[in-house]
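So this one's structure23.cif, mmCIF, C-alpha atoms and all ligand atoms:
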data_data
#
loop_
_atom_site.label_atom_id
_atom_site.label_comp_id
_atom_site.auth_asym_id
_atom_site.auth_seq_id
_atom_site.Cartn_x
_atom_site.Cartn_y
_atom_site.Cartn_z
CA MET A 18 15.66 -28.36 -13.21
CA THR A 19 15.74 -25.98 -16.19
CA ASP A 20 19.06 -24.85 -17.61
CA GLU A 21 19.17 -21.10 -16.88
CA LYS A 22 20.31 -20.43 -20.47
CA CYS A 23 17.34 -22.19 -22.15
CA PRO A 24 14.60 -19.93 -23.50
CA VAL A 25 11.41 -19.95 -21.43
CA GLN A 26 8.83 -22.49 -22.67
CA ASP A 27 5.95 -21.56 -20.37
CA TRP A 28 6.05 -18.49 -18.12
CA ALA A 29 3.63 -20.10 -15.65
CA THR A 30 5.98 -22.98 -14.82
CA ASP A 31 9.39 -21.74 -15.95
CA TYR A 32 9.61 -17.94 -15.67
CA ASP A 33 12.97 -16.20 -15.95
CA ILE A 34 13.18 -12.72 -14.44
CA PHE A 35 16.47 -12.17 -16.29
CA ASP A 36 15.08 -12.97 -19.77
CA GLU A 37 16.17 -10.05 -21.98
CA ASP A 38 12.79 -9.38 -23.62
CA TYR A 39 11.02 -9.65 -20.28
CA VAL A 40 13.41 -7.19 -18.65
CA LYS A 41 12.72 -4.71 -21.47
CA GLU A 42 8.94 -5.06 -21.36
CA PRO A 43 7.49 -7.35 -18.69
CA GLY A 44 3.87 -6.08 -18.98
CA PRO A 45 2.55 -8.76 -21.38
CA VAL A 46 3.99 -11.60 -19.24
CA TRP A 47 2.40 -10.13 -16.10
CA ASP A 48 -0.99 -9.84 -17.87
CA ASP A 49 -0.73 -13.44 -19.02
CA LEU A 50 0.25 -14.73 -15.57
CA ARG A 51 -2.38 -12.74 -13.66
CA ALA A 52 -5.08 -14.19 -15.92
CA ARG A 53 -3.77 -17.75 -16.22
CA CYS A 54 -1.55 -18.55 -13.23
CA PRO A 55 -1.35 -15.70 -10.72
CA VAL A 56 1.23 -17.47 -8.55
CA ALA A 57 3.72 -18.85 -11.07
CA HIS A 58 6.69 -21.11 -10.38
CA THR A 59 10.19 -21.63 -11.71
CA THR A 60 13.12 -23.89 -10.89
CA ARG A 61 15.53 -21.29 -12.28
CA TRP A 62 17.82 -19.28 -10.01
CA GLY A 63 17.34 -21.46 -6.94
CA GLY A 64 13.58 -21.98 -7.38
CA SER A 65 10.79 -19.56 -6.55
CA PHE A 66 7.11 -18.72 -6.79
CA MET A 67 5.99 -15.32 -8.07
CA ALA A 68 2.80 -13.49 -7.09
CA THR A 69 1.56 -11.04 -9.72
CA ARG A 70 -1.95 -10.06 -8.49
CA TYR A 71 -2.49 -7.07 -6.21
CA GLU A 72 -4.73 -9.06 -3.86
CA ASP A 73 -2.23 -11.94 -3.52
CA VAL A 74 0.68 -9.60 -2.84
CA GLN A 75 -1.42 -7.89 -0.14
CA GLN A 76 -2.15 -11.26 1.45
CA ALA A 77 1.40 -12.55 1.22
CA VAL A 78 2.95 -9.67 3.19
CA ARG A 79 0.69 -10.64 6.10
CA MET A 80 1.75 -14.30 6.07
CA VAL A 81 4.27 -14.00 8.85
CA PRO A 82 5.93 -16.15 10.22
CA GLU A 83 5.24 -18.62 7.39
CA LEU A 84 6.98 -16.28 4.93
CA SER A 85 10.19 -14.83 6.31
CA SER A 86 12.23 -11.74 5.43
CA ARG A 87 15.46 -13.17 6.77
CA SER A 88 16.73 -13.51 3.20
CA PRO A 89 14.79 -10.98 1.09
CA THR A 90 16.95 -11.18 -2.02
CA ILE A 91 15.24 -13.07 -4.81
CA ILE A 92 18.24 -15.22 -5.61
CA PRO A 93 19.47 -17.14 -2.59
CA PRO A 94 23.17 -16.82 -1.78
CA THR A 95 25.21 -19.90 -2.68
CA GLY A 96 28.59 -21.47 -1.86
CA GLU A 97 31.11 -19.56 0.23
CA LEU A 98 28.86 -16.48 0.39
CA ARG A 99 26.03 -18.54 1.88
CA GLU A 100 28.37 -20.08 4.48
CA GLU A 101 29.75 -16.66 5.40
CA MET A 102 26.29 -15.14 5.78
CA ILE A 103 24.91 -18.03 7.85
CA ALA A 104 27.93 -17.95 10.19
CA GLU A 105 27.60 -14.18 10.73
CA VAL A 106 23.86 -14.32 11.36
CA LYS A 107 24.40 -17.15 13.89
CA ALA A 108 27.12 -15.22 15.69
CA TYR A 109 25.72 -11.68 15.56
CA GLY A 110 22.03 -11.70 14.49
CA SER A 111 20.09 -10.29 11.54
CA GLU A 112 22.22 -9.20 8.56
CA ASN A 113 20.70 -5.87 7.51
CA PRO A 114 17.87 -5.04 9.91
CA PRO A 115 15.07 -4.11 9.57
CA ILE A 116 14.80 -5.50 6.02
CA THR A 117 16.23 -8.90 7.01
CA ALA A 118 14.35 -9.13 10.33
CA ASP A 119 11.01 -10.75 11.16
CA PRO A 120 8.74 -9.80 14.07
CA PRO A 121 9.27 -9.20 16.90
CA GLU A 122 12.88 -8.20 16.10
CA HIS A 123 11.86 -6.06 13.10
CA LYS A 124 9.92 -3.27 14.84
CA PRO A 125 12.58 -1.71 17.10
CA TYR A 126 15.03 -1.51 14.18
CA LYS A 127 12.43 0.10 11.94
CA GLN A 128 11.66 2.62 14.67
CA LEU A 129 15.35 3.44 14.90
CA ILE A 130 15.69 4.41 11.25
CA LEU A 131 12.32 6.07 10.52
CA PRO A 132 13.30 9.41 12.13
CA PHE A 133 16.05 9.85 9.50
CA PHE A 134 13.42 9.80 6.72
CA THR A 135 10.38 11.70 8.00
CA PRO A 136 8.95 14.37 5.66
CA LYS A 137 10.54 17.02 7.90
CA ALA A 138 13.96 15.36 7.91
CA THR A 139 13.73 14.87 4.15
CA GLU A 140 12.98 18.57 3.61
CA THR A 141 16.40 19.43 4.95
CA TYR A 142 17.99 17.65 1.97
CA ILE A 143 16.00 19.42 -0.75
CA LYS A 144 18.50 22.24 -1.23
CA PHE A 145 21.46 19.84 -1.53
CA THR A 146 19.50 17.75 -4.06
CA GLN A 147 18.46 20.81 -6.09
CA GLU A 148 22.04 22.09 -6.28
CA LEU A 149 23.29 18.65 -7.23
CA CYS A 150 20.71 18.28 -10.04
CA HIS A 151 21.52 21.73 -11.45
CA GLU A 152 25.26 21.00 -11.32
CA LEU A 153 24.69 17.77 -13.23
CA ILE A 154 22.61 19.61 -15.85
CA ASP A 155 25.27 22.34 -16.13
CA ARG A 156 27.69 19.62 -17.25
CA ILE A 157 25.47 18.27 -20.04
CA ILE A 158 23.18 21.03 -21.22
CA ASP A 159 25.47 22.59 -23.83
CA LYS A 160 26.27 19.24 -25.41
CA GLY A 161 22.74 18.91 -26.80
CA GLN A 162 22.76 15.23 -25.92
CA CYS A 163 23.51 12.95 -22.99
CA ASP A 164 22.67 9.66 -21.39
CA ALA A 165 19.72 10.61 -19.16
CA ALA A 166 20.20 7.46 -17.06
CA ALA A 167 23.99 7.38 -16.65
CA ASP A 168 24.79 11.10 -16.71
CA TYR A 169 21.82 12.25 -14.65
CA ALA A 170 19.50 9.76 -12.89
CA GLN A 171 22.32 7.50 -11.71
CA GLN A 172 24.31 10.39 -10.25
CA ILE A 173 21.66 11.67 -7.83
CA PRO A 174 20.69 9.03 -5.22
CA PRO A 175 24.20 7.90 -4.18
CA ARG A 176 25.24 11.48 -3.44
CA VAL A 177 22.05 12.32 -1.53
CA ILE A 178 22.20 9.21 0.68
CA ALA A 179 25.93 9.77 1.23
CA ARG A 180 25.16 13.25 2.45
CA ILE A 181 22.50 11.85 4.83
CA LEU A 182 24.81 9.13 6.14
CA GLY A 183 27.63 11.60 6.71
CA ILE A 184 29.94 9.99 4.17
CA ASP A 185 31.68 11.68 1.24
CA PRO A 186 29.15 12.45 -1.56
CA SER A 187 31.99 12.83 -4.07
CA ARG A 188 32.54 9.06 -3.77
CA GLY A 189 29.08 8.56 -5.30
CA ASP A 190 30.38 6.51 -8.23
CA GLU A 191 32.03 4.03 -5.86
CA PHE A 192 28.82 3.66 -3.84
CA THR A 193 26.94 2.99 -7.07
CA GLU A 194 29.50 0.34 -8.07
CA TRP A 195 29.16 -1.36 -4.67
CA THR A 196 25.35 -1.32 -4.88
CA GLN A 197 25.36 -2.79 -8.37
CA GLY A 198 27.90 -5.33 -7.13
CA VAL A 199 25.56 -6.69 -4.46
CA LEU A 200 22.11 -6.03 -5.91
CA GLU A 201 22.34 -6.00 -9.70
CA LEU A 202 25.33 -7.86 -11.16
CA GLY A 203 25.96 -9.72 -7.89
CA GLN A 204 22.60 -11.48 -7.95
CA THR A 205 23.73 -13.85 -10.69
CA HIS A 206 27.46 -13.68 -9.82
CA PRO A 207 27.96 -14.83 -6.19
CA GLU A 208 31.68 -13.97 -6.21
CA LEU A 209 30.86 -10.34 -7.07
CA ARG A 210 28.14 -10.23 -4.46
CA MET A 211 30.60 -11.52 -1.84
CA LYS A 212 33.33 -9.08 -2.91
CA TYR A 213 31.11 -6.00 -2.70
CA ARG A 214 29.34 -7.17 0.45
CA ARG A 215 32.75 -7.33 2.13
CA ILE A 216 33.80 -3.93 0.76
CA ILE A 217 30.63 -2.28 2.09
CA ARG A 218 30.82 -3.94 5.49
CA GLU A 219 34.50 -3.08 5.86
CA PHE A 220 33.85 0.54 4.89
CA PHE A 221 31.11 0.96 7.48
CA GLY A 222 33.08 -1.09 10.05
CA GLU A 223 35.86 1.49 9.83
CA LEU A 224 33.39 4.35 9.99
CA VAL A 225 31.75 2.91 13.12
CA ALA A 226 35.16 2.49 14.80
CA HIS A 227 36.03 6.07 13.88
CA ARG A 228 32.76 7.51 15.20
CA ARG A 229 33.12 5.56 18.45
CA LYS A 230 36.32 7.50 19.06
CA LYS A 231 35.08 10.77 17.62
CA PRO A 232 31.28 11.07 17.59
CA GLY A 233 29.64 13.63 15.34
CA ASP A 234 26.17 14.78 14.39
CA ASP A 235 25.42 12.01 11.91
CA VAL A 236 23.51 8.76 11.44
CA VAL A 237 26.28 6.45 12.70
CA SER A 238 26.84 8.53 15.84
CA THR A 239 23.08 8.51 16.49
CA LEU A 240 22.97 4.73 16.08
CA LEU A 241 25.91 4.34 18.46
CA GLU A 242 23.82 6.02 21.16
CA ALA A 243 20.64 4.10 20.35
CA GLU A 244 19.27 1.14 22.28
CA VAL A 245 17.12 -1.82 21.33
CA GLU A 246 15.36 -3.43 24.29
CA GLY A 247 17.60 -1.64 26.74
CA GLU A 248 20.84 -2.63 25.02
CA LYS A 249 23.22 -0.66 22.83
CA LEU A 250 23.51 -1.88 19.24
CA SER A 251 26.42 -4.09 18.27
CA ASP A 252 28.86 -2.86 15.63
CA HIS A 253 27.53 -5.69 13.43
CA SER A 254 23.99 -4.28 13.63
CA ILE A 255 25.09 -0.69 12.96
CA VAL A 256 27.15 -1.81 9.96
CA GLY A 257 24.15 -3.82 8.71
CA ILE A 258 21.75 -0.88 9.06
CA CYS A 259 24.16 1.47 7.25
CA ASN A 260 24.72 -1.12 4.55
CA LEU A 261 20.94 -1.29 4.05
CA LEU A 262 20.49 2.48 4.00
CA LEU A 263 23.28 2.89 1.45
CA VAL A 264 22.15 0.25 -1.04
CA ALA A 265 18.35 0.45 -0.58
CA GLY A 266 18.02 3.91 -2.07
CA ILE A 267 20.56 3.90 -4.89
CA ASP A 268 19.51 1.76 -7.84
CA THR A 269 15.86 1.92 -6.77
CA THR A 270 15.55 5.70 -6.99
CA TRP A 271 17.91 5.98 -9.94
CA SER A 272 15.73 3.42 -11.78
CA SER A 273 12.60 5.44 -11.05
CA ILE A 274 14.11 8.73 -12.22
CA GLY A 275 15.63 7.04 -15.27
CA ALA A 276 12.40 5.25 -16.22
CA SER A 277 10.50 8.54 -15.91
CA LEU A 278 12.91 10.34 -18.26
CA TRP A 279 12.80 7.37 -20.65
CA HIS A 280 9.00 7.57 -20.62
CA PHE A 281 8.92 11.29 -21.41
CA ALA A 282 11.66 11.02 -24.05
CA GLY A 283 9.59 8.40 -25.90
CA THR A 284 6.09 9.82 -25.26
CA PRO A 285 6.00 13.36 -26.69
CA ASP A 286 2.40 14.10 -25.60
CA ASP A 287 3.20 13.35 -21.95
CA ARG A 288 6.49 15.25 -22.20
CA ARG A 289 4.71 18.34 -23.54
CA ARG A 290 2.08 18.10 -20.79
CA MET A 291 4.73 17.94 -18.06
CA ALA A 292 6.63 20.84 -19.56
CA ASN A 293 3.49 23.01 -19.70
CA GLU A 294 1.61 21.90 -16.58
CA PRO A 295 3.97 21.78 -13.58
CA ASP A 296 0.96 21.28 -11.27
CA LEU A 297 0.93 17.73 -12.58
CA PHE A 298 4.13 16.75 -10.76
CA PRO A 299 2.52 15.24 -7.63
CA THR A 300 0.12 12.91 -9.47
CA ALA A 301 2.60 12.24 -12.27
CA ILE A 302 5.27 11.05 -9.82
CA GLU A 303 2.84 8.63 -8.17
CA GLU A 304 1.79 7.36 -11.59
CA LEU A 305 5.39 6.89 -12.72
CA LEU A 306 6.04 4.98 -9.48
CA ARG A 307 3.00 2.84 -10.17
CA PHE A 308 3.81 2.10 -13.78
CA TYR A 309 7.60 1.78 -13.54
CA GLY A 310 7.92 0.67 -9.90
CA PRO A 311 11.35 -0.93 -9.93
CA VAL A 312 11.43 -3.22 -6.88
CA MET A 313 10.43 -6.86 -6.32
CA MET A 314 11.19 -8.49 -2.98
CA GLY A 315 11.68 -12.07 -1.87
CA ARG A 316 10.39 -13.98 1.11
CA LYS A 317 11.71 -17.33 2.28
CA ILE A 318 8.91 -19.91 2.55
CA LEU A 319 9.28 -21.53 5.97
CA GLU A 320 5.98 -23.40 6.26
CA PRO A 321 3.52 -24.71 3.69
CA VAL A 322 0.91 -22.05 2.90
CA LYS A 323 -1.57 -21.51 0.08
CA LEU A 324 -1.52 -18.30 -1.97
CA GLY A 325 -3.80 -17.56 -4.92
CA GLY A 326 -4.73 -21.26 -5.05
CA THR A 327 -1.10 -22.44 -5.16
CA GLU A 328 0.67 -24.40 -2.42
CA LEU A 329 3.98 -22.73 -1.63
CA THR A 330 6.80 -25.20 -0.96
CA PRO A 331 8.98 -24.59 2.12
CA GLY A 332 12.62 -23.97 1.29
CA GLU A 333 11.87 -21.96 -1.86
CA LYS A 334 11.36 -18.23 -2.26
CA LEU A 335 8.22 -16.25 -2.96
CA ILE A 336 8.70 -13.18 -5.14
CA LEU A 337 6.41 -10.29 -4.23
CA ASN A 338 6.05 -8.72 -7.65
CA PHE A 339 4.96 -5.22 -6.60
CA PRO A 340 5.42 -3.84 -10.16
CA ALA A 341 3.04 -6.48 -11.59
CA ALA A 342 0.50 -5.83 -8.81
CA ASN A 343 0.63 -2.14 -9.79
CA ARG A 344 -0.68 -3.00 -13.25
CA ASP A 345 -3.52 -5.25 -12.03
CA PRO A 346 -6.66 -4.27 -13.99
CA GLU A 347 -8.84 -5.51 -11.10
CA VAL A 348 -7.56 -2.56 -9.08
CA PHE A 349 -6.52 0.16 -11.54
CA ASP A 350 -8.59 1.59 -14.42
CA ARG A 351 -6.55 1.80 -17.62
CA ALA A 352 -3.89 -0.18 -15.72
CA ASP A 353 -1.67 -0.54 -18.79
CA GLU A 354 -1.52 3.20 -19.51
CA VAL A 355 0.45 6.00 -17.87
CA VAL A 356 -2.22 8.51 -16.78
CA LEU A 357 -0.34 11.55 -15.50
CA ASP A 358 -3.33 13.02 -13.63
CA ARG A 359 -4.56 9.74 -12.14
CA GLU A 360 -6.37 10.72 -8.95
CA ARG A 361 -6.88 7.45 -7.09
CA ASN A 362 -3.58 5.62 -7.07
CA ARG A 363 -3.06 3.07 -4.31
CA HIS A 364 0.10 1.65 -5.84
CA VAL A 365 2.44 -0.64 -3.93
CA ALA A 366 5.76 0.45 -5.46
CA PHE A 367 7.12 0.97 -1.94
CA GLY A 368 5.79 -2.36 -0.70
CA ILE A 369 3.13 -2.83 1.96
CA GLY A 370 2.86 -4.10 5.51
CA ILE A 371 5.56 -3.97 8.14
CA HIS A 372 8.45 -3.80 5.66
CA ARG A 373 7.01 -0.90 3.68
CA CYS A 374 9.84 1.31 2.40
CA ALA A 375 11.41 3.48 5.09
CA GLY A 376 12.83 5.84 2.45
CA SER A 377 9.65 6.61 0.48
CA ASN A 378 9.60 10.31 1.46
CA LEU A 379 13.20 10.64 0.38
CA ALA A 380 12.63 8.76 -2.89
CA ARG A 381 9.63 10.95 -3.74
CA MET A 382 11.59 14.10 -2.92
CA GLU A 383 14.50 13.00 -5.14
CA MET A 384 12.16 12.20 -8.02
CA ASP A 385 10.35 15.50 -7.64
CA VAL A 386 13.50 17.61 -7.49
CA ALA A 387 15.26 15.69 -10.28
CA LEU A 388 12.33 15.82 -12.70
CA ARG A 389 11.44 19.45 -11.98
CA ALA A 390 15.07 20.56 -12.49
CA TRP A 391 15.25 18.59 -15.74
CA PHE A 392 11.99 20.00 -17.14
CA GLU A 393 12.93 23.52 -16.09
CA ARG A 394 16.20 23.39 -18.03
CA ILE A 395 15.52 20.77 -20.73
CA PRO A 396 11.80 20.85 -21.51
CA GLU A 397 12.24 19.50 -25.05
CA PHE A 398 14.02 16.18 -25.47
CA GLU A 399 13.65 12.87 -27.25
CA LEU A 400 15.38 9.51 -27.52
CA SER A 401 18.35 9.90 -29.83
CA ASP A 402 18.82 6.17 -30.40
CA PRO A 403 15.94 4.03 -29.10
CA ASP A 404 17.85 0.82 -29.92
CA ALA A 405 20.70 1.85 -27.61
CA VAL A 406 18.44 1.96 -24.53
CA THR A 407 19.36 -0.79 -22.05
CA TRP A 408 17.49 -2.10 -19.01
CA ALA A 409 18.69 -3.99 -15.94
CA GLY A 410 16.36 -6.55 -14.40
CA GLY A 411 16.05 -8.87 -11.45
CA GLN A 412 15.26 -7.52 -8.01
CA VAL A 413 15.43 -3.92 -9.25
CA ARG A 414 14.38 -3.11 -12.81
CA GLY A 415 15.25 0.12 -14.52
CA PRO A 416 16.96 1.67 -17.54
CA ARG A 417 20.74 1.84 -17.41
CA SER A 418 21.32 3.76 -20.64
CA VAL A 419 18.87 6.28 -22.13
CA PRO A 420 20.55 8.35 -24.88
CA VAL A 421 18.60 11.57 -25.46
CA ARG A 422 19.03 14.73 -27.54
CA TYR A 423 17.59 18.19 -26.88
C1 LIG B 1 11.77 4.76 -5.86
C2 LIG B 1 12.61 4.35 -4.93
C3 LIG B 1 12.35 3.21 -3.98
C4 LIG B 1 11.53 2.13 -4.13
C5 LIG B 1 10.63 1.79 -5.31
C6 LIG B 1 11.65 1.33 -2.92
C7 LIG B 1 10.96 0.16 -2.69
C8 LIG B 1 11.00 -0.56 -1.51
C9 LIG B 1 10.22 -1.74 -1.25
C10 LIG B 1 9.27 -2.40 -2.23
C11 LIG B 1 10.48 -2.13 0.04
C12 LIG B 1 9.80 -3.28 0.76
C13 LIG B 1 10.69 -4.40 1.11
C14 LIG B 1 9.98 -5.66 1.59
O1 LIG B 1 8.76 -5.76 1.55
O2 LIG B 1 10.71 -6.59 1.95
C15 LIG B 1 11.46 -1.20 0.58
C16 LIG B 1 12.01 -1.27 1.84
C17 LIG B 1 12.96 -0.40 2.30
N1 LIG B 1 13.46 0.71 1.66
FE1 LIG B 1 12.94 1.39 -0.15
N2 LIG B 1 12.53 1.95 -2.08
C18 LIG B 1 12.97 3.09 -2.68
C19 LIG B 1 13.86 4.02 -2.16
C20 LIG B 1 14.42 3.95 -0.91
C21 LIG B 1 15.29 4.95 -0.35
C22 LIG B 1 15.70 6.27 -1.00
C23 LIG B 1 15.67 4.50 0.87
C24 LIG B 1 16.57 5.23 1.81
C25 LIG B 1 17.56 4.72 2.40
C26 LIG B 1 15.01 3.22 1.10
C27 LIG B 1 15.10 2.45 2.23
C28 LIG B 1 14.37 1.30 2.49
C29 LIG B 1 14.48 0.55 3.73
C30 LIG B 1 15.36 0.88 4.91
C31 LIG B 1 13.58 -0.53 3.62
C32 LIG B 1 13.33 -1.63 4.64
C33 LIG B 1 12.11 -1.35 5.48
C34 LIG B 1 11.75 -2.50 6.40
O3 LIG B 1 12.24 -3.61 6.23
O4 LIG B 1 10.93 -2.29 7.30
N3 LIG B 1 14.26 2.93 -0.01
N4 LIG B 1 11.74 -0.24 -0.39
#

Can you give me the file's structure in the form of structure tokens?
Ligand code: HEM
Amino acid sequence: MTDEKCPVQDWATDYDIFDEDYVKEPGPVWDDLRARCPVAHTTRWGGSFMATRYEDVQQAVRMVPELSSRSPTIIPPTGELREEMIAEVKAYGSENPPITADPPEHKPYKQLILPFFTPKATETYIKFTQELCHELIDRIIDKGQCDAAADYAQQIPPRVIARILGIDPSRGDEFTEWTQGVLELGQTHPELRMKYRRIIREFFGELVAHRRKKPGDDVVSTLLEAEVEGEKLSDHSIVGICNLLLVAGIDTTWSSIGASLWHFAGTPDDRRRMANEPDLFPTAIEELLRFYGPVMMGRKILEPVKLGGTELTPGEKLILNFPAANRDPEVFDRADEVVLDRERNRHVAFGIGIHRCAGSNLARMEMDVALRAWFERIPEFELSDPDAVTWAGGQVRGPRSVPVRY
């Protein structure tokens, strides 16, 4: 077993998704692995395999039940957290359905949540998102400089999803802290992950109890009325669904908006094109999702299966590296370049198969509104201190600080 602090010797047999240089620029490692060892392995962080080719990722999502979603985080929970999670799942069922559910349980939960995120439902949140983005820009525009990730990108998704869930958007910073606690910092710090998992579940537990007494016109009240296979949902399931909806869209969408602004701040030709050709937004957003797709997902290997010529060992995880698949030169021309007007773009930033992202319409809308508002008000900007840019890695990769001046 490799010491997690040792530098990587060979990425094919000892990759480290938290390696600082890799987190900053993973492209060269992905190119190397796709060519040399498309399903790599590591003993770090609980042991996992990682698929980097588009074709292998496509195949892996279909390997059900051999590969399970019951624990889709890349780093398995350990110690007290693991015990707590196992006990709850035994007593009450899947933790955060549908993302933690396998067929046949998965489908009815997915069907329950999809209506909240249809294109039509998403449209009703455009105005709120536009006003929010302009308010955020009002606060920073006269300063001539800001942190495009922390002061802008990070502020948008928690408030939009709060509004959708019927919880207080002004508590956005808390929701971000909770999400980072379970998904970002919590991945390598089990005590943090446990702390914030409990905070989130308690918060929604209280909300569910409240809505039972006093129903409203919101997501929780709708879920309280819903049925799966003729039975009302348990409080545990409703809390789990809300937990998923809160955290799934926060650092993911913030990473995508932040990475886009980082790209334009450091690539003046693309920035000028976006500022002068607003018709480019639809293809540009898909391309930014392809190139900077932030999310990798895990599957638990339950039975021995072969993927890309490699035997997967039961008990370990398989990482579906959607961002690496998105830069596969077998599938994309000029895969290692951002091509703002790319026409054919079958990227997998939102995953594929039964677990494909339920919030993709919402994420696209948020990116579109956030980037249009920014370009409308701040068309000229650049990195003010490239060395001060920081990135977070792991399950969700994206910039956390992007100082810009304008
Ligand atoms: C750019 C932003 C986003 C990206 C890149 C992204 C990516 C993903 C990916 C790759 C999956 C697949 C998981 C798997 O295969 O196990 C997923 C699932 C999911 N996402 Fe997103 N997501 C984003 C934004 C959102 C938003 C805004 C929401 C809204 C709440 C959301 C809700 C979900 C849900 C509920 C699932 C689980 C679907 C299922 O298990 O069937 N996501 N997302």

May I ask you to write as an mmCIF file with C-alpha atoms, keeping the file's coordinate frame all residues lying at most 6 Å from ligand LIG 1 (chain B), with all atoms listed in the file counted?
data_model
loop_
_atom_site.group_PDB
_atom_site.id
_atom_site.type_symbol
_atom_site.label_atom_id
_atom_site.label_comp_id
_atom_site.auth_asym_id
_atom_site.auth_seq_id
_atom_site.Cartn_x
_atom_site.Cartn_y
_atom_site.Cartn_z
ATOM 1 C CA PRO A 115 15.070 -4.110 9.570
ATOM 2 C CA ILE A 116 14.800 -5.500 6.020
ATOM 3 C CA LYS A 127 12.430 0.100 11.940
ATOM 4 C CA LEU A 262 20.490 2.480 4.000
ATOM 5 C CA ALA A 265 18.350 0.450 -0.580
ATOM 6 C CA GLY A 266 18.020 3.910 -2.070
ATOM 7 C CA THR A 269 15.860 1.920 -6.770
ATOM 8 C CA THR A 270 15.550 5.700 -6.990
ATOM 9 C CA SER A 273 12.600 5.440 -11.050
ATOM 10 C CA GLY A 310 7.920 0.670 -9.900
ATOM 11 C CA PRO A 311 11.350 -0.930 -9.930
ATOM 12 C CA VAL A 312 11.430 -3.220 -6.880
ATOM 13 C CA MET A 314 11.190 -8.490 -2.980
ATOM 14 C CA ALA A 366 5.760 0.450 -5.460
ATOM 15 C CA PHE A 367 7.120 0.970 -1.940
ATOM 16 C CA GLY A 368 5.790 -2.360 -0.700
ATOM 17 C CA ILE A 371 5.560 -3.970 8.140
ATOM 18 C CA HIS A 372 8.450 -3.800 5.660
ATOM 19 C CA ARG A 373 7.010 -0.900 3.680
ATOM 20 C CA CYS A 374 9.840 1.310 2.400
ATOM 21 C CA ALA A 375 11.410 3.480 5.090
ATOM 22 C CA GLY A 376 12.830 5.840 2.450
ATOM 23 C CA SER A 377 9.650 6.610 0.480
ATOM 24 C CA LEU A 379 13.200 10.640 0.380
ATOM 25 C CA ALA A 380 12.630 8.760 -2.890
#

Legend entry - Pairwise distance for CA of Val177 (chain A) and CA of Tyr142 (chain A), rounded to one decimal in Å: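 Answer for the CA of Val177 (chain A) to CA of Tyr142 (chain A) separation: 7.6 Å.
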
Inset, instruction - Determine, counting all atoms listed in the file, which protein, DNA and RNA residues have an atom within 6 Å of an atom of region 387-401 of chain A; residues of the same chain fewer than 5 positions away are not included. Present the result as a PyMOL selection string. - result: chain A and resi 282+292+420-423

Legend entry - A:Leu209, A:Gly63, A:Pro174, A:Ser111 ranked by distance to Ser187 (chain A), top pick (using only C-alpha atoms):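 Selected residue with least distance to Ser187 (chain A): A:Pro174.
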
Inset, instruction - Compare A:Thr327, A:Ser254, A:Thr95, A:Thr407 by their minimum atom-to-atom distance to Pro55 (chain A), counting all atoms listed in the file, and give me the closest one. - result: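 Among the listed residues, the smallest separation from Pro55 (chain A) belongs to A:Thr327.
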
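Among the candidates A:Met382, A:Val236, A:Ala341, A:Ala409, the one nearest to Lys137 (chain A) when counting all atoms listed in the file is A:Met382.
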
Inset, instruction - Go ahead and compute the interatomic distance for CA of Trp195 (chain A) and CA of Tyr213 (chain A), in Å to one decimal. - result: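 According to the coordinates, CA of Trp195 (chain A) and CA of Tyr213 (chain A) are separated by 5.4 Å.
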
Which residues come within 6 Å of Lys334 (chain A), counting only C-alpha atoms, excluding same-chain residues fewer than 4 positions away, as a PDB file with C-alpha atoms, in the frame of the given file?
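New file around29.pdb:
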ATOM      1  CA  SER A  65      10.790 -19.560  -6.550  1.00  0.00           C
ATOM      2  CA  ARG A 316      10.390 -13.980   1.110  1.00  0.00           C
ATOM      3  CA  LYS A 317      11.710 -17.330   2.280  1.00  0.00           C
ATOM      4  CA  ILE A 318       8.910 -19.910   2.550  1.00  0.00           C
TER       5      ILE A 318
END

Inset, instruction - Give me, please, the distance in Å between CA of Thr196 (chain A) and CA of Leu263 (chain A), quoted to one decimal. - result: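 Separation between CA of Thr196 (chain A) and CA of Leu263 (chain A): 7.9 Å.
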
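Proximity of A:Asp358, A:Glu246, A:Asp268, A:Asp36 to Phe192 (chain A), computed with all atoms listed in the file, is greatest for A:Asp268.
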
Legend entry - From A:Pro207, A:Pro232, A:Gly257, A:Pro43, residue lying nearest Arg99 (chain A) [only C-alpha atoms]: A:Pro207

Legend entry - Closest of A:Met291, A:Ala165, A:Val245, A:Ala342 to Gln128 (chain A) - atom-to-atom distances counting only C-alpha atoms: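 Looking at the shortest contact to Gln128 (chain A), the residue is A:Val245.
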
Contacts of Asn343 (chain A) within 10 Å, all atoms listed in the file, excl. fewer than 2 positions in-chain, as a short mmCIF file (atom, residue, chain, number, x, y, z; two decimals) with C-alpha atoms, in the coordinates of the input:
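Final output, out.cif:
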data_model
loop_
_atom_site.label_atom_id
_atom_site.label_comp_id
_atom_site.auth_asym_id
_atom_site.auth_seq_id
_atom_site.Cartn_x
_atom_site.Cartn_y
_atom_site.Cartn_z
CA THR A 69 1.56 -11.04 -9.72
CA ARG A 70 -1.95 -10.06 -8.49
CA TYR A 71 -2.49 -7.07 -6.21
CA GLU A 304 1.79 7.36 -11.59
CA LEU A 306 6.04 4.98 -9.48
CA ARG A 307 3.00 2.84 -10.17
CA PHE A 308 3.81 2.10 -13.78
CA TYR A 309 7.60 1.78 -13.54
CA GLY A 310 7.92 0.67 -9.90
CA ASN A 338 6.05 -8.72 -7.65
CA PHE A 339 4.96 -5.22 -6.60
CA PRO A 340 5.42 -3.84 -10.16
CA ALA A 341 3.04 -6.48 -11.59
CA ASP A 345 -3.52 -5.25 -12.03
CA PRO A 346 -6.66 -4.27 -13.99
CA VAL A 348 -7.56 -2.56 -9.08
CA PHE A 349 -6.52 0.16 -11.54
CA ALA A 352 -3.89 -0.18 -15.72
CA ASP A 353 -1.67 -0.54 -18.79
CA ASN A 362 -3.58 5.62 -7.07
CA ARG A 363 -3.06 3.07 -4.31
CA HIS A 364 0.10 1.65 -5.84
CA VAL A 365 2.44 -0.64 -3.93
CA ALA A 366 5.76 0.45 -5.46
#
